[in-house]
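Asker: For reference, this is work37.cif, and it has mmCIF, C-alpha atoms.
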```cif
data_query
#
loop_
_atom_site.label_atom_id
_atom_site.label_comp_id
_atom_site.auth_asym_id
_atom_site.auth_seq_id
_atom_site.Cartn_x
_atom_site.Cartn_y
_atom_site.Cartn_z
CA MET A 1 12.68 7.62 18.84
CA PRO A 2 9.25 6.49 18.24
CA LEU A 3 7.98 7.86 14.96
CA VAL A 4 4.25 8.37 15.41
CA ARG A 5 1.78 8.73 12.54
CA ILE A 6 -1.69 9.89 13.52
CA SER A 7 -4.51 9.74 10.95
CA LEU A 8 -7.83 11.50 11.62
CA ARG A 9 -10.99 12.45 9.83
CA LYS A 10 -11.10 16.14 8.91
CA GLY A 11 -12.95 18.50 11.17
CA ARG A 12 -11.04 18.58 14.43
CA SER A 13 -9.70 21.88 15.72
CA ILE A 14 -6.01 22.56 16.07
CA ALA A 15 -6.46 22.32 19.85
CA GLU A 16 -8.05 18.88 19.54
CA ARG A 17 -5.34 17.63 17.23
CA ARG A 18 -2.69 18.98 19.54
CA ALA A 19 -4.33 17.30 22.53
CA ILE A 20 -4.36 13.99 20.68
CA ALA A 21 -0.67 14.24 19.82
CA ASP A 22 0.16 15.35 23.37
CA GLY A 23 -1.83 12.53 24.96
CA ILE A 24 -0.18 9.89 22.83
CA HIS A 25 3.24 11.23 23.66
CA ARG A 26 2.57 11.38 27.40
CA ALA A 27 1.32 7.79 27.28
CA MET A 28 4.57 6.66 25.69
CA VAL A 29 6.63 8.51 28.28
CA ALA A 30 4.57 7.01 31.12
CA THR A 31 4.49 3.40 29.96
CA ILE A 32 7.27 2.43 27.54
CA ASP A 33 10.30 4.38 28.74
CA VAL A 34 10.32 7.05 26.04
CA PRO A 35 12.19 10.20 27.13
CA ALA A 36 9.96 13.27 27.27
CA ALA A 37 12.12 15.02 24.67
CA ASP A 38 11.98 12.09 22.27
CA ARG A 39 8.98 13.33 20.30
CA PHE A 40 8.53 12.99 16.55
CA GLN A 41 4.95 12.94 15.23
CA VAL A 42 3.04 13.49 12.02
CA THR A 43 -0.71 14.07 12.03
CA THR A 44 -2.71 13.90 8.81
CA GLU A 45 -6.39 14.61 8.18
CA HIS A 46 -8.51 12.77 5.66
CA ASP A 47 -12.05 12.91 4.35
CA GLU A 48 -14.46 10.03 4.70
CA ASN A 49 -13.45 8.48 1.40
CA ALA A 50 -9.79 8.52 2.32
CA LEU A 51 -9.75 7.26 5.91
CA VAL A 52 -11.80 4.08 5.90
CA PHE A 53 -12.48 1.99 9.00
CA ASP A 54 -14.94 -0.74 9.84
CA ALA A 55 -17.64 0.56 12.16
CA ASN A 56 -17.91 -2.65 14.17
CA TYR A 57 -14.89 -4.97 13.77
CA LEU A 58 -14.44 -7.10 16.92
CA SER A 59 -17.76 -5.65 18.13
CA ILE A 60 -16.20 -2.28 18.85
CA ALA A 61 -18.51 0.55 17.77
CA ARG A 62 -16.37 3.12 15.97
CA SER A 63 -17.48 6.64 15.05
CA GLU A 64 -16.33 9.56 12.91
CA GLY A 65 -14.04 10.38 15.83
CA PHE A 66 -11.80 7.47 14.81
CA VAL A 67 -8.07 7.96 15.51
CA MET A 68 -5.58 5.68 13.75
CA ILE A 69 -2.14 5.63 15.36
CA GLN A 70 0.91 3.88 13.94
CA ILE A 71 4.06 3.89 16.04
CA THR A 72 7.49 2.76 14.81
CA LEU A 73 9.80 2.05 17.74
CA ARG A 74 12.85 0.06 18.78
CA ARG A 75 12.25 -3.62 19.43
CA GLY A 76 12.17 -4.74 23.02
CA ARG A 77 9.14 -3.47 24.92
CA THR A 78 7.45 -6.35 26.69
CA PRO A 79 3.89 -7.37 25.86
CA ASP A 80 2.80 -5.97 29.23
CA LYS A 81 4.35 -2.59 28.48
CA LYS A 82 2.62 -2.50 25.13
CA ARG A 83 -0.72 -3.29 26.77
CA ALA A 84 -0.08 -0.53 29.30
CA LEU A 85 0.64 1.85 26.43
CA TYR A 86 -2.71 1.12 24.79
CA ARG A 87 -4.54 1.69 28.07
CA ALA A 88 -2.69 4.95 28.71
CA ILE A 89 -3.38 6.31 25.24
CA VAL A 90 -7.09 5.60 25.67
CA GLU A 91 -7.16 7.17 29.12
CA ASN A 92 -5.29 10.28 28.05
CA LEU A 93 -7.34 10.88 24.91
CA ALA A 94 -10.60 10.25 26.76
CA ALA A 95 -9.57 12.96 29.24
CA ALA A 96 -8.52 15.37 26.49
CA PRO A 97 -9.80 16.09 23.91
CA GLY A 98 -12.48 13.53 24.71
CA VAL A 99 -11.94 10.70 22.22
CA ARG A 100 -14.16 7.65 22.73
CA PRO A 101 -12.10 4.58 23.74
CA GLN A 102 -13.72 2.60 20.93
CA ASP A 103 -12.30 5.05 18.40
CA ILE A 104 -8.64 4.55 19.18
CA PHE A 105 -6.76 2.15 16.89
CA VAL A 106 -3.05 1.52 17.49
CA SER A 107 -0.52 -0.48 15.50
CA LEU A 108 3.16 -0.87 16.41
CA VAL A 109 6.10 -1.64 14.12
CA GLU A 110 9.49 -2.48 15.63
CA ASN A 111 13.02 -2.03 14.36
CA GLU A 112 16.56 -2.05 15.76
CA PRO A 113 18.82 0.55 17.44
CA VAL A 114 20.92 1.02 14.31
CA ASP A 115 17.77 1.88 12.37
CA TRP A 116 17.58 5.40 13.82
CA SER A 117 19.45 8.60 13.09
CA PHE A 118 18.30 11.70 14.98
CA GLY A 119 20.49 14.15 13.12
CA ASP A 120 24.05 14.84 12.03
CA GLY A 121 24.19 11.64 9.99
CA VAL A 122 24.92 9.52 13.06
CA ALA A 123 23.16 6.37 14.32
CA GLN A 124 22.98 7.68 17.86
CA TYR A 125 21.66 4.44 19.41
CA SER A 126 24.34 2.34 17.70
CA PRO A 127 27.19 4.65 16.73
CA GLY A 128 29.60 1.82 15.87
CA MET B 1 12.66 -1.42 -3.51
CA PRO B 2 13.03 0.93 -0.73
CA LEU B 3 9.80 2.78 -0.13
CA VAL B 4 10.76 6.23 1.11
CA ARG B 5 8.42 8.56 2.98
CA ILE B 6 9.65 12.14 3.40
CA SER B 7 7.78 14.51 5.73
CA LEU B 8 8.53 18.24 5.69
CA ARG B 9 7.16 21.47 7.03
CA LYS B 10 5.28 23.48 4.43
CA GLY B 11 7.09 26.27 2.64
CA ARG B 12 9.80 24.60 0.58
CA SER B 13 9.84 25.16 -3.17
CA ILE B 14 9.31 22.34 -5.62
CA ALA B 15 13.02 22.56 -6.48
CA GLU B 16 13.97 22.13 -2.83
CA ARG B 17 11.64 19.19 -2.35
CA ARG B 18 12.97 17.59 -5.48
CA ALA B 19 16.56 18.10 -4.33
CA ILE B 20 15.74 16.44 -1.02
CA ALA B 21 14.19 13.42 -2.71
CA ASP B 22 17.07 13.24 -5.20
CA GLY B 23 19.70 13.47 -2.50
CA ILE B 24 18.14 10.70 -0.43
CA HIS B 25 17.93 8.46 -3.46
CA ARG B 26 21.54 9.07 -4.50
CA ALA B 27 22.66 8.29 -0.95
CA MET B 28 20.87 4.94 -1.08
CA VAL B 29 22.42 4.10 -4.44
CA ALA B 30 25.89 5.04 -3.17
CA THR B 31 25.82 3.26 0.17
CA ILE B 32 23.31 0.41 0.42
CA ASP B 33 23.34 -1.19 -3.04
CA VAL B 34 20.05 0.21 -4.31
CA PRO B 35 19.84 0.22 -8.12
CA ALA B 36 19.53 3.72 -9.57
CA ALA B 37 16.20 2.81 -11.16
CA ASP B 38 14.77 1.44 -7.91
CA ARG B 39 13.13 4.68 -6.81
CA PHE B 40 9.76 4.95 -5.07
CA GLN B 41 9.19 7.99 -2.86
CA VAL B 42 6.36 9.95 -1.30
CA THR B 43 6.90 13.47 0.03
CA THR B 44 4.28 15.14 2.21
CA GLU B 45 4.15 18.66 3.62
CA HIS B 46 2.69 19.57 6.98
CA ASP B 47 2.05 22.68 9.02
CA GLU B 48 3.65 23.25 12.39
CA ASN B 49 0.77 21.63 14.25
CA ALA B 50 0.96 18.50 12.14
CA LEU B 51 4.68 17.78 11.95
CA VAL B 52 5.93 17.88 15.52
CA PHE B 53 9.57 17.35 16.51
CA ASP B 54 11.56 18.04 19.63
CA ALA B 55 13.90 20.99 19.12
CA ASN B 56 16.72 19.53 21.17
CA TYR B 57 16.44 15.75 21.72
CA LEU B 58 19.93 14.23 22.18
CA SER B 59 21.27 17.80 22.20
CA ILE B 60 20.72 18.20 18.48
CA ALA B 61 19.34 21.65 17.69
CA ARG B 62 16.53 21.18 15.15
CA SER B 63 14.88 23.96 13.15
CA GLU B 64 11.86 24.50 10.94
CA GLY B 65 13.94 22.94 8.19
CA PHE B 66 13.40 19.52 9.80
CA VAL B 67 13.23 16.58 7.38
CA MET B 68 11.74 13.29 8.59
CA ILE B 69 12.65 10.29 6.45
CA GLN B 70 11.23 6.78 6.86
CA ILE B 71 12.63 4.07 4.62
CA THR B 72 11.17 0.57 4.29
CA LEU B 73 13.71 -1.82 2.77
CA ARG B 74 14.68 -5.47 2.56
CA ARG B 75 16.45 -6.86 5.61
CA GLY B 76 20.15 -7.41 5.35
CA ARG B 77 22.13 -4.19 5.17
CA THR B 78 24.93 -4.26 7.72
CA PRO B 79 25.09 -1.72 10.54
CA ASP B 80 28.07 -0.10 8.82
CA LYS B 81 26.13 0.32 5.58
CA LYS B 82 23.25 1.90 7.47
CA ARG B 83 25.64 4.32 9.17
CA ALA B 84 27.15 5.17 5.78
CA LEU B 85 23.64 5.81 4.47
CA TYR B 86 22.92 8.33 7.23
CA ARG B 87 26.18 10.15 6.55
CA ALA B 88 25.54 10.24 2.80
CA ILE B 89 22.00 11.58 3.18
CA VAL B 90 23.28 14.38 5.41
CA GLU B 91 26.12 15.21 3.03
CA ASN B 92 23.89 15.22 -0.03
CA LEU B 93 21.14 17.33 1.52
CA ALA B 94 23.65 19.77 2.98
CA ALA B 95 25.04 20.25 -0.53
CA ALA B 96 21.58 20.64 -2.07
CA PRO B 97 19.19 22.15 -1.17
CA GLY B 98 21.15 23.11 1.94
CA VAL B 99 19.49 21.21 4.78
CA ARG B 100 21.23 21.53 8.14
CA PRO B 101 22.69 18.16 9.31
CA GLN B 102 20.87 18.57 12.63
CA ASP B 103 17.54 18.65 10.82
CA ILE B 104 17.75 15.24 9.18
CA PHE B 105 15.92 12.43 10.97
CA VAL B 106 15.97 8.91 9.50
CA SER B 107 14.19 5.73 10.55
CA LEU B 108 14.49 2.37 8.80
CA VAL B 109 12.01 -0.50 8.75
CA GLU B 110 13.04 -3.85 7.28
CA ASN B 111 11.08 -6.63 5.65
CA GLU B 112 11.75 -9.69 3.48
CA PRO B 113 12.20 -10.30 -0.27
CA VAL B 114 8.73 -11.82 -0.62
CA ASP B 115 7.23 -8.66 0.86
CA TRP B 116 7.66 -6.70 -2.38
CA SER B 117 5.74 -6.63 -5.63
CA PHE B 118 6.87 -4.08 -8.21
CA GLY B 119 4.03 -4.65 -10.63
CA ASP B 120 2.15 -7.33 -12.56
CA GLY B 121 1.10 -9.07 -9.35
CA VAL B 122 4.46 -10.84 -9.01
CA ALA B 123 6.85 -10.98 -6.02
CA GLN B 124 9.85 -10.20 -8.19
CA TYR B 125 12.45 -10.75 -5.45
CA SER B 126 10.93 -14.13 -4.47
CA PRO B 127 8.85 -15.36 -7.40
CA GLY B 128 8.40 -18.86 -5.97
CA MET C 1 -5.87 -5.79 11.31
CA PRO C 2 -3.99 -4.93 8.28
CA LEU C 3 -3.32 -1.22 8.15
CA VAL C 4 -3.31 -0.27 4.48
CA ARG C 5 -1.77 2.92 3.09
CA ILE C 6 -2.60 3.70 -0.53
CA SER C 7 -0.72 6.49 -2.32
CA LEU C 8 -1.94 7.79 -5.68
CA ARG C 9 -1.31 10.61 -8.10
CA LYS C 10 -3.99 13.29 -7.93
CA GLY C 11 -6.79 13.21 -10.46
CA ARG C 12 -8.75 10.06 -9.76
CA SER C 13 -12.45 10.36 -8.97
CA ILE C 14 -13.88 9.38 -5.62
CA ALA C 15 -15.42 6.34 -7.29
CA GLU C 16 -12.05 5.25 -8.63
CA ARG C 17 -10.35 5.72 -5.30
CA ARG C 18 -13.11 3.80 -3.58
CA ALA C 19 -12.82 0.96 -6.12
CA ILE C 20 -9.08 0.77 -5.48
CA ALA C 21 -9.56 0.56 -1.72
CA ASP C 22 -12.37 -1.97 -2.13
CA GLY C 23 -10.37 -4.14 -4.49
CA ILE C 24 -7.37 -4.25 -2.20
CA HIS C 25 -9.55 -5.19 0.73
CA ARG C 26 -11.36 -7.95 -1.15
CA ALA C 27 -8.00 -9.36 -2.26
CA MET C 28 -6.86 -9.56 1.38
CA VAL C 29 -10.08 -11.28 2.41
CA ALA C 30 -9.78 -13.77 -0.45
CA THR C 31 -6.12 -14.69 -0.09
CA ILE C 32 -4.63 -14.02 3.33
CA ASP C 33 -7.44 -14.81 5.78
CA VAL C 34 -8.42 -11.27 6.66
CA PRO C 35 -11.98 -11.03 8.02
CA ALA C 36 -14.27 -8.93 5.83
CA ALA C 37 -14.91 -6.53 8.71
CA ASP C 38 -11.20 -6.06 9.41
CA ARG C 39 -10.77 -2.98 7.23
CA PHE C 40 -8.58 0.01 8.06
CA GLN C 41 -7.25 2.04 5.13
CA VAL C 42 -5.82 5.45 4.39
CA THR C 43 -5.64 6.79 0.85
CA THR C 44 -3.56 9.87 0.04
CA GLU C 45 -3.20 11.78 -3.22
CA HIS C 46 -0.03 13.46 -4.36
CA ASP C 47 1.14 15.58 -7.25
CA GLU C 48 3.88 14.47 -9.61
CA ASN C 49 6.61 16.07 -7.54
CA ALA C 50 5.45 14.32 -4.39
CA LEU C 51 4.80 10.76 -5.54
CA VAL C 52 7.90 9.69 -7.43
CA PHE C 53 8.31 6.30 -9.08
CA ASP C 54 10.70 4.91 -11.64
CA ALA C 55 8.96 4.44 -14.98
CA ASN C 56 10.78 1.23 -15.86
CA TYR C 57 12.41 -0.48 -12.85
CA LEU C 58 12.64 -4.25 -13.45
CA SER C 59 11.41 -3.56 -17.00
CA ILE C 60 7.90 -2.84 -15.80
CA ALA C 61 6.44 0.15 -17.67
CA ARG C 62 4.70 2.33 -15.08
CA SER C 63 2.34 5.21 -15.87
CA GLU C 64 0.66 8.11 -14.11
CA GLY C 65 -1.88 5.54 -12.94
CA PHE C 66 0.69 4.23 -10.44
CA VAL C 67 -0.74 2.89 -7.17
CA MET C 68 1.60 2.44 -4.20
CA ILE C 69 0.25 0.15 -1.51
CA GLN C 70 1.87 -0.47 1.88
CA ILE C 71 0.27 -3.04 4.15
CA THR C 72 1.20 -3.59 7.79
CA LEU C 73 -0.02 -6.97 9.01
CA ARG C 74 0.62 -9.70 11.56
CA ARG C 75 3.56 -11.96 10.82
CA GLY C 76 2.80 -15.42 9.55
CA ARG C 77 1.34 -15.45 6.05
CA THR C 78 3.25 -17.91 3.91
CA PRO C 79 5.18 -16.75 0.84
CA ASP C 80 2.56 -18.45 -1.34
CA LYS C 81 -0.25 -16.54 0.34
CA LYS C 82 1.61 -13.29 -0.16
CA ARG C 83 2.10 -14.10 -3.85
CA ALA C 84 -1.60 -14.90 -4.13
CA LEU C 85 -2.38 -11.55 -2.53
CA TYR C 86 -0.35 -9.66 -5.13
CA ARG C 87 -2.09 -11.50 -7.95
CA ALA C 88 -5.53 -10.87 -6.47
CA ILE C 89 -4.89 -7.16 -5.98
CA VAL C 90 -3.80 -6.84 -9.60
CA GLU C 91 -6.81 -8.81 -10.85
CA ASN C 92 -9.28 -6.84 -8.76
CA LEU C 93 -7.92 -3.43 -9.65
CA ALA C 94 -7.67 -4.34 -13.34
CA ALA C 95 -11.38 -5.23 -13.24
CA ALA C 96 -12.31 -2.03 -11.36
CA PRO C 97 -11.45 0.75 -11.72
CA GLY C 98 -9.13 -0.45 -14.47
CA VAL C 99 -5.63 -0.05 -13.09
CA ARG C 100 -2.85 -1.42 -15.31
CA PRO C 101 -1.09 -4.41 -13.69
CA GLN C 102 2.25 -2.70 -14.23
CA ASP C 103 1.13 0.23 -12.09
CA ILE C 104 0.51 -1.70 -8.87
CA PHE C 105 3.32 -1.61 -6.32
CA VAL C 106 2.90 -3.44 -3.01
CA SER C 107 5.10 -3.58 0.06
CA LEU C 108 4.33 -5.55 3.23
CA VAL C 109 5.54 -4.91 6.78
CA GLU C 110 4.91 -7.51 9.48
CA ASN C 111 4.50 -7.25 13.22
CA GLU C 112 3.19 -9.38 16.09
CA PRO C 113 -0.25 -10.03 17.62
CA VAL C 114 0.48 -7.83 20.65
CA ASP C 115 1.26 -4.94 18.32
CA TRP C 116 -2.42 -4.25 17.60
CA SER C 117 -5.14 -2.52 19.57
CA PHE C 118 -8.51 -2.13 17.81
CA GLY C 119 -10.10 0.04 20.47
CA ASP C 120 -10.82 0.27 24.18
CA GLY C 121 -7.12 0.23 25.03
CA VAL C 122 -6.91 -3.55 24.71
CA ALA C 123 -4.50 -5.71 22.68
CA GLN C 124 -7.32 -7.86 21.31
CA TYR C 125 -5.04 -10.40 19.60
CA SER C 126 -2.92 -10.85 22.73
CA PRO C 127 -4.94 -9.66 25.71
CA GLY C 128 -2.53 -11.08 28.31
#
```
Here is a file; write its structure as structure tokens.

Answerer:
Amino acid sequence: MPLVRISLRKGRSIAERRAIADGIHRAMVATIDVPAADRFQVTTEHDENALVFDANYLSIARSEGFVMIQITLRRGRTPDKKRALYRAIVENLAAAPGVRPQDIFVSLVENEPVDWSFGDGVAQYSPG
Amino acid sequence: MPLVRISLRKGRSIAERRAIADGIHRAMVATIDVPAADRFQVTTEHDENALVFDANYLSIARSEGFVMIQITLRRGRTPDKKRALYRAIVENLAAAPGVRPQDIFVSLVENEPVDWSFGDGVAQYSPG
Amino acid sequence: MPLVRISLRKGRSIAERRAIADGIHRAMVATIDVPAADRFQVTTEHDENALVFDANYLSIARSEGFVMIQITLRRGRTPDKKRALYRAIVENLAAAPGVRPQDIFVSLVENEPVDWSFGDGVAQYSPG
């Protein structure tokens, strides 16, 4: 269910981009009860004029390796699960492909079970 | 009002992409009380490394023809209207350009009337 | 904190795109209490088949200079602050790079403090 949008600066290899998407997905499976098969992600690449980030907001030193992640998911994960998700994403992406923890930005947007259709024109989480 | 983001694999013709956008819009007009002139859509194309989807989540067999649709809209449509919207999108896109029902993924995000400005710097749905 | 997505038709110069992003950011700083350093933006360009907008919805005459802005931000700005934001965006972009007020479309999506991580795997606005 989560719909994950990943925005990166241009220049990463396919393997790096794949590792980023994989690491985010594994973090969601490990921390917020997302089934392993529930994977829907879009990665986009942008030049320096198009992906803009502050290099020091909240005293976090960001680099060209910046990774912006926006996740839309069903309402209901506890604050502690969300915090665990952020930690797991940072750990996974530090391990592969080697993203600096300071460069990982995450924003969540929540909706309801009836707000999802996975195919066939049915609201599978709230079929009515 | 709805802001519609459509994400596709690369390779569809302009006519196919246009038919997808048209079919989604007509479904919204028919089922969730969107005025015909209230149309704002962005379609993006992605290679196989960039648009990732599970080929079988919830036992729905997805193909390269996968269409990911995210719609931001004002809060308030009933669950039944949302379900009717999913059915209508699938019916319309099956008719033209011939998208398989299994390949149509939809996610909704809701906000409030004051969260929209359609031009001129005014919140037209909540002008205050 | 706000995550800003800006969608434009192709054809604007880098300077124009930068002025649009700058003007939106300054409007947020001036009207809705966003720190100057809290800047995270993605701008994408699209051809006429990919960025679709109605040319007259709500009797607002839109042109090829259309600018679609979607802002995800923490819940809590008052309706009056949101209205001030729309006005400020229009004023700033009219001044530079000269966007017509009718061409500026804005949609807001709200979330909660715990829904943001600015780096290091921490929910800085709700560290727990």

Asker: Select all residues from chain A having any atom no more than 6 Å from an atom of chain C (counting only C-alpha atoms, ignoring ligands), output as a short mmCIF file (atom, residue, chain, number, x, y, z; two decimals) with C-alpha atoms, keeping the file's coordinate frame.

Answerer:
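So the final result, stored in iface14.cif, reads:
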```
data_model
loop_
_atom_site.label_atom_id
_atom_site.label_comp_id
_atom_site.auth_asym_id
_atom_site.auth_seq_id
_atom_site.Cartn_x
_atom_site.Cartn_y
_atom_site.Cartn_z
CA ALA A 50 -9.79 8.52 2.32
CA LEU A 51 -9.75 7.26 5.91
CA VAL A 52 -11.80 4.08 5.90
CA PHE A 53 -12.48 1.99 9.00
CA ASP A 54 -14.94 -0.74 9.84
CA TYR A 57 -14.89 -4.97 13.77
CA TYR A 86 -2.71 1.12 24.79
CA ARG A 87 -4.54 1.69 28.07
CA VAL A 90 -7.09 5.60 25.67
CA PRO A 101 -12.10 4.58 23.74
CA GLN A 102 -13.72 2.60 20.93
CA ASP A 103 -12.30 5.05 18.40
CA ILE A 104 -8.64 4.55 19.18
CA PHE A 105 -6.76 2.15 16.89
CA VAL A 106 -3.05 1.52 17.49
CA SER A 107 -0.52 -0.48 15.50
CA LEU A 108 3.16 -0.87 16.41
CA VAL A 109 6.10 -1.64 14.12
#
```

Asker: Find the distance between atom CA of A:Ala94 and atom CA of A:Ala55 and write it in Å to one decimal.

Answerer: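 Going from atom CA of A:Ala94 over to atom CA of A:Ala55 covers 18.9 Å.
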
Asker: Could I have chain B as a compact mmCIF listing (two decimals) with C-alpha atoms, in the frame of the given file after it is superimposed on chain C by least squares, pairing all C-alpha atoms in sequence order?

Answerer:
```txt
# COMPACT_ATOMS: atom_id res chain seq x y z
CA MET B 1 -5.87 -5.79 11.29
CA PRO B 2 -3.97 -4.92 8.29
CA LEU B 3 -3.33 -1.21 8.15
CA VAL B 4 -3.31 -0.27 4.48
CA ARG B 5 -1.77 2.92 3.10
CA ILE B 6 -2.59 3.71 -0.53
CA SER B 7 -0.72 6.50 -2.32
CA LEU B 8 -1.94 7.79 -5.69
CA ARG B 9 -1.32 10.61 -8.09
CA LYS B 10 -3.99 13.29 -7.94
CA GLY B 11 -6.79 13.21 -10.48
CA ARG B 12 -8.76 10.05 -9.75
CA SER B 13 -12.46 10.36 -8.97
CA ILE B 14 -13.88 9.39 -5.61
CA ALA B 15 -15.43 6.33 -7.30
CA GLU B 16 -12.05 5.25 -8.63
CA ARG B 17 -10.35 5.72 -5.28
CA ARG B 18 -13.09 3.80 -3.58
CA ALA B 19 -12.81 0.97 -6.12
CA ILE B 20 -9.08 0.77 -5.48
CA ALA B 21 -9.54 0.56 -1.72
CA ASP B 22 -12.37 -1.96 -2.14
CA GLY B 23 -10.37 -4.13 -4.50
CA ILE B 24 -7.36 -4.26 -2.19
CA HIS B 25 -9.55 -5.19 0.73
CA ARG B 26 -11.36 -7.96 -1.16
CA ALA B 27 -8.00 -9.36 -2.25
CA MET B 28 -6.86 -9.56 1.37
CA VAL B 29 -10.07 -11.28 2.42
CA ALA B 30 -9.77 -13.78 -0.44
CA THR B 31 -6.12 -14.68 -0.08
CA ILE B 32 -4.63 -14.01 3.35
CA ASP B 33 -7.45 -14.82 5.79
CA VAL B 34 -8.43 -11.26 6.67
CA PRO B 35 -11.99 -11.03 8.03
CA ALA B 36 -14.28 -8.93 5.84
CA ALA B 37 -14.91 -6.53 8.71
CA ASP B 38 -11.20 -6.06 9.43
CA ARG B 39 -10.77 -2.99 7.23
CA PHE B 40 -8.59 0.01 8.06
CA GLN B 41 -7.25 2.04 5.14
CA VAL B 42 -5.81 5.45 4.40
CA THR B 43 -5.64 6.79 0.85
CA THR B 44 -3.57 9.87 0.03
CA GLU B 45 -3.20 11.78 -3.22
CA HIS B 46 -0.02 13.46 -4.37
CA ASP B 47 1.15 15.59 -7.26
CA GLU B 48 3.87 14.47 -9.62
CA ASN B 49 6.61 16.07 -7.54
CA ALA B 50 5.46 14.32 -4.39
CA LEU B 51 4.80 10.76 -5.55
CA VAL B 52 7.91 9.70 -7.42
CA PHE B 53 8.32 6.30 -9.08
CA ASP B 54 10.71 4.91 -11.64
CA ALA B 55 8.97 4.44 -14.99
CA ASN B 56 10.80 1.24 -15.86
CA TYR B 57 12.42 -0.48 -12.85
CA LEU B 58 12.64 -4.26 -13.46
CA SER B 59 11.42 -3.56 -17.00
CA ILE B 60 7.90 -2.83 -15.82
CA ALA B 61 6.45 0.14 -17.68
CA ARG B 62 4.70 2.34 -15.09
CA SER B 63 2.34 5.21 -15.88
CA GLU B 64 0.66 8.10 -14.12
CA GLY B 65 -1.88 5.55 -12.94
CA PHE B 66 0.69 4.23 -10.45
CA VAL B 67 -0.74 2.88 -7.18
CA MET B 68 1.59 2.44 -4.20
CA ILE B 69 0.25 0.14 -1.50
CA GLN B 70 1.87 -0.46 1.89
CA ILE B 71 0.26 -3.03 4.15
CA THR B 72 1.20 -3.58 7.80
CA LEU B 73 -0.03 -6.97 9.02
CA ARG B 74 0.61 -9.69 11.57
CA ARG B 75 3.55 -11.96 10.82
CA GLY B 76 2.78 -15.41 9.57
CA ARG B 77 1.35 -15.44 6.06
CA THR B 78 3.26 -17.90 3.91
CA PRO B 79 5.18 -16.76 0.84
CA ASP B 80 2.56 -18.46 -1.34
CA LYS B 81 -0.25 -16.54 0.34
CA LYS B 82 1.61 -13.28 -0.18
CA ARG B 83 2.10 -14.10 -3.86
CA ALA B 84 -1.61 -14.91 -4.14
CA LEU B 85 -2.38 -11.55 -2.53
CA TYR B 86 -0.35 -9.67 -5.14
CA ARG B 87 -2.09 -11.51 -7.96
CA ALA B 88 -5.54 -10.87 -6.47
CA ILE B 89 -4.90 -7.15 -5.97
CA VAL B 90 -3.82 -6.83 -9.60
CA GLU B 91 -6.81 -8.80 -10.85
CA ASN B 92 -9.29 -6.85 -8.76
CA LEU B 93 -7.92 -3.42 -9.66
CA ALA B 94 -7.68 -4.33 -13.33
CA ALA B 95 -11.38 -5.23 -13.22
CA ALA B 96 -12.31 -2.04 -11.35
CA PRO B 97 -11.44 0.77 -11.72
CA GLY B 98 -9.14 -0.45 -14.48
CA VAL B 99 -5.63 -0.05 -13.09
CA ARG B 100 -2.87 -1.42 -15.31
CA PRO B 101 -1.09 -4.42 -13.68
CA GLN B 102 2.26 -2.70 -14.24
CA ASP B 103 1.14 0.22 -12.09
CA ILE B 104 0.51 -1.70 -8.88
CA PHE B 105 3.31 -1.61 -6.32
CA VAL B 106 2.90 -3.45 -3.01
CA SER B 107 5.11 -3.58 0.08
CA LEU B 108 4.34 -5.55 3.24
CA VAL B 109 5.55 -4.91 6.77
CA GLU B 110 4.91 -7.51 9.48
CA ASN B 111 4.51 -7.24 13.22
CA GLU B 112 3.19 -9.37 16.10
CA PRO B 113 -0.25 -10.02 17.62
CA VAL B 114 0.48 -7.83 20.65
CA ASP B 115 1.26 -4.94 18.32
CA TRP B 116 -2.42 -4.25 17.61
CA SER B 117 -5.15 -2.53 19.56
CA PHE B 118 -8.50 -2.14 17.81
CA GLY B 119 -10.10 0.03 20.46
CA ASP B 120 -10.83 0.28 24.18
CA GLY B 121 -7.12 0.23 25.02
CA VAL B 122 -6.92 -3.56 24.72
CA ALA B 123 -4.50 -5.72 22.68
CA GLN B 124 -7.32 -7.86 21.32
CA TYR B 125 -5.05 -10.40 19.59
CA SER B 126 -2.91 -10.86 22.74
CA PRO B 127 -4.95 -9.68 25.72
CA GLY B 128 -2.54 -11.12 28.29
```

Asker: Kindly give the distance, in Å, that separates atom CA of A:Leu58 and atom CA of C:Tyr125, rounded to a single decimal.

Answerer: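 A separation of 10.3 Å between them.
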
Asker: Using the chain letters and numbers from the file, which residues does the PyMOL selection byres ((chain C and resi 27) around 9) grab, as a PDB file with C-alpha atoms, in the frame of the given file?

Answerer:
```pdb
ATOM      1  CA  ASP C  22     -12.370  -1.970  -2.130  1.00  0.00           C
ATOM      2  CA  GLY C  23     -10.370  -4.140  -4.490  1.00  0.00           C
ATOM      3  CA  ILE C  24      -7.370  -4.250  -2.200  1.00  0.00           C
ATOM      4  CA  HIS C  25      -9.550  -5.190   0.730  1.00  0.00           C
ATOM      5  CA  ARG C  26     -11.360  -7.950  -1.150  1.00  0.00           C
ATOM      6  CA  MET C  28      -6.860  -9.560   1.380  1.00  0.00           C
ATOM      7  CA  VAL C  29     -10.080 -11.280   2.410  1.00  0.00           C
ATOM      8  CA  ALA C  30      -9.780 -13.770  -0.450  1.00  0.00           C
ATOM      9  CA  THR C  31      -6.120 -14.690  -0.090  1.00  0.00           C
ATOM     10  CA  ILE C  32      -4.630 -14.020   3.330  1.00  0.00           C
ATOM     11  CA  ALA C  84      -1.600 -14.900  -4.130  1.00  0.00           C
ATOM     12  CA  LEU C  85      -2.380 -11.550  -2.530  1.00  0.00           C
ATOM     13  CA  TYR C  86      -0.350  -9.660  -5.130  1.00  0.00           C
ATOM     14  CA  ARG C  87      -2.090 -11.500  -7.950  1.00  0.00           C
ATOM     15  CA  ALA C  88      -5.530 -10.870  -6.470  1.00  0.00           C
ATOM     16  CA  ILE C  89      -4.890  -7.160  -5.980  1.00  0.00           C
ATOM     17  CA  VAL C  90      -3.800  -6.840  -9.600  1.00  0.00           C
ATOM     18  CA  GLU C  91      -6.810  -8.810 -10.850  1.00  0.00           C
ATOM     19  CA  ASN C  92      -9.280  -6.840  -8.760  1.00  0.00           C
TER      20      ASN C  92
END
```
